[in-house]
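Read the structure below first, then the notes.
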Amino acid sequence: MKKLWLFVVTSILALAMSFTLVACGGNENNDDGAGGDADVADVVGDYSVDLSALGMPLTVYLRISEDGTFKFSSATDFVADKNSGTVSKISTGYVMIYSTINNESASGKTTNFTKESDGSLKFDGTVYYGSTKPSSPMENEDTGEMHYLYAVPVTEDEGPTDTVTLETGLYYGTHESTGMQGATVIYRYYLDLREDGKFTSLVSFDMMGTTYYGYDYGTYSMMGAMCRMTSEVYQDFDDESKPLTESMQAMSETEIVAELRVGPMATKTADVTMEKAEAPTSAILKYEGVCTIQMGGAMSLDFDLTLDIYADGSYTYTATTVMMGETNEYTETGYIGLNTTNSTLYILPDDVTSGLEGSIDENGSISAKFSVGQGAPQDVVLTPVAE
């Protein structure tokens, strides 16, 4: 199931991209060559890709106009403009030359395609769209067959189609499974699709009277209703030399179905239905500590530290000190992942590109580097606050 769905997601991303790129129509063209470029007139028209055969309710549309321009859109009214560029005829078919990709300037990016006898466009090479760049052909991991990306001419009766678009933001869902000794385990899973192209998650579950935590983070790419995530925490179950890839599909504006590893002890991925969620406002874990900074000689400065962790993995950290009768407070927010099954943690402050690792001891205390508001981050120990 995992490999099939991931292949489907990759195919969808690739197909959608291909059409976006294909839409990069190029030189002017029309049937008689007047006012256009006859070299590309043969590919002028509207194209669609019906992805239902892959198990996903998503259709994307491409228009190559007589002036050689193209537009890739989510409906046949072509109101939304996703990409732009030019198409040129070459000895082996056609080449798309990108002007913009994902609303940003594109330089040196091209994709080749040919027109088939049935009027469809067949892509050969790397297809660029946003942060993703699938290859055509690509291999179906389940069957070993090679799969090409195609754009198919739109039929006359094909009207505007409303599509579900996956939105960034916070999602929450639960998953039930059977744990040790046949006990039912319920995983409470928060997943955050961030605006910076990264995802973070925190999951909690109860077992034998103890609450455990696990986390996942990495990067994602999305197109329409689909999303593919690449974990920086877990490896592929079949090939540990590769990172685990997880996926999701939007079912509505507020609901998704995600195929993911629900926790550090899971031996396979699971399908989890998740809903859009509000950020938690009450901390599930609280810590405190003291950091002493030597100021030179016998002088030192004490910082009182607090750390509040929320169910979605977000945190608020403060370092407070009194200097010359004045109270100074430093506050930091971000994401923190806790894995209490192997006593590790990961901290990613807001506006930072890479995080820091830490550890959890047998008493639940955290050892990690945190800033106190001046100088480099300090090694600190934070102990749990009794409820």
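To be explicit about the labels: the chains of the structure tokens are called A, B, and onward in the order shown, and within each one the residues are counted from 1, while ligands get numbers from 1 in the order they are shown.
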
Would you mind listing what lies within 9 Å of Pro384 in chain A as a list in words, with only C-alpha atoms counted and same-chain residues fewer than 3 positions away left out?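 With the cut-off at 9 Å, the set is Leu285, Lys286, Tyr287, Glu288, Asn363, Gly364, Ser365, Ile366 and Glu387 of chain A.
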
For N, CA, C and O atoms, I'd like the residues from the last selection saved as a short mmCIF file (atom, residue, chain, number, x, y, z; two decimals), in the first residue's frame.
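again.cif, written as the output of this step:
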data_model
loop_
_atom_site.label_atom_id
_atom_site.label_comp_id
_atom_site.auth_asym_id
_atom_site.auth_seq_id
_atom_site.Cartn_x
_atom_site.Cartn_y
_atom_site.Cartn_z
N LEU A 285 3.68 19.97 28.80
CA LEU A 285 4.89 19.72 29.59
C LEU A 285 5.52 21.05 29.97
O LEU A 285 5.59 21.96 29.14
N LYS A 286 5.98 21.13 31.21
CA LYS A 286 6.64 22.35 31.70
C LYS A 286 7.98 21.98 32.34
O LYS A 286 8.08 20.98 33.05
N TYR A 287 8.98 22.83 32.07
CA TYR A 287 10.32 22.61 32.62
C TYR A 287 10.85 23.93 33.18
O TYR A 287 10.42 25.02 32.79
N GLU A 288 11.83 23.79 34.09
CA GLU A 288 12.49 24.97 34.64
C GLU A 288 13.94 24.64 34.94
O GLU A 288 14.33 23.46 35.04
N ASN A 363 15.16 10.66 34.52
CA ASN A 363 14.20 11.40 35.35
C ASN A 363 13.34 12.36 34.54
O ASN A 363 12.52 13.08 35.10
N GLY A 364 13.55 12.37 33.24
CA GLY A 364 12.77 13.24 32.38
C GLY A 364 13.37 14.62 32.17
O GLY A 364 12.77 15.46 31.50
N SER A 365 14.56 14.88 32.74
CA SER A 365 15.20 16.20 32.57
C SER A 365 15.78 16.32 31.16
O SER A 365 16.26 15.34 30.58
N ILE A 366 15.74 17.54 30.64
CA ILE A 366 16.25 17.84 29.30
C ILE A 366 17.62 18.48 29.38
O ILE A 366 17.83 19.43 30.16
N GLU A 387 3.24 18.53 38.32
CA GLU A 387 1.86 19.01 38.09
C GLU A 387 1.15 19.24 39.40
O GLU A 387 1.41 18.58 40.40
#

Members of range 154-360 of chain A assigned strand (DSSP E) by DSSP, as a PyMOL selection string: chain A and resi 169-178+184-193+198-207+210-223+226-235+243-250+255-260+270-276+285-296+299-309+314-323+326-339+344-349+356-360

Residues near Met138 in chain A, anyone? I mean within 7 Å using only C-alpha atoms, not counting same-chain ones fewer than 4 positions away, as a list of chain:residue names.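 Final neighbour list, sorted by chain and number: A:Met146, A:His147, A:Tyr148.
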
Residues at most 7 Å from Gln378 in chain A, counting only C-alpha atoms, excluding those fewer than 3 positions away in the same chain, as a PyMOL selection string? chain A and resi 369-371

Save the residues we just selected, N, CA and C atoms, as an mmCIF file, in the first residue's frame?
data_model
loop_
_atom_site.group_PDB
_atom_site.id
_atom_site.type_symbol
_atom_site.label_atom_id
_atom_site.label_comp_id
_atom_site.auth_asym_id
_atom_site.auth_seq_id
_atom_site.Cartn_x
_atom_site.Cartn_y
_atom_site.Cartn_z
ATOM 1 N N LYS A 369 21.084 22.817 24.267
ATOM 2 C CA LYS A 369 21.617 24.172 24.149
ATOM 3 C C LYS A 369 20.469 25.147 23.923
ATOM 4 N N PHE A 370 20.398 26.157 24.782
ATOM 5 C CA PHE A 370 19.424 27.226 24.641
ATOM 6 C C PHE A 370 20.134 28.559 24.834
ATOM 7 N N SER A 371 19.631 29.570 24.154
ATOM 8 C CA SER A 371 20.193 30.905 24.309
ATOM 9 C C SER A 371 19.672 31.542 25.597
#

Write out as a PyMOL selection string the residues lying within 8 Å of range 263-265 of chain A, counting only C-alpha atoms and excluding same-chain residues fewer than 4 positions away. chain A and resi 187+203+213-215+339+341
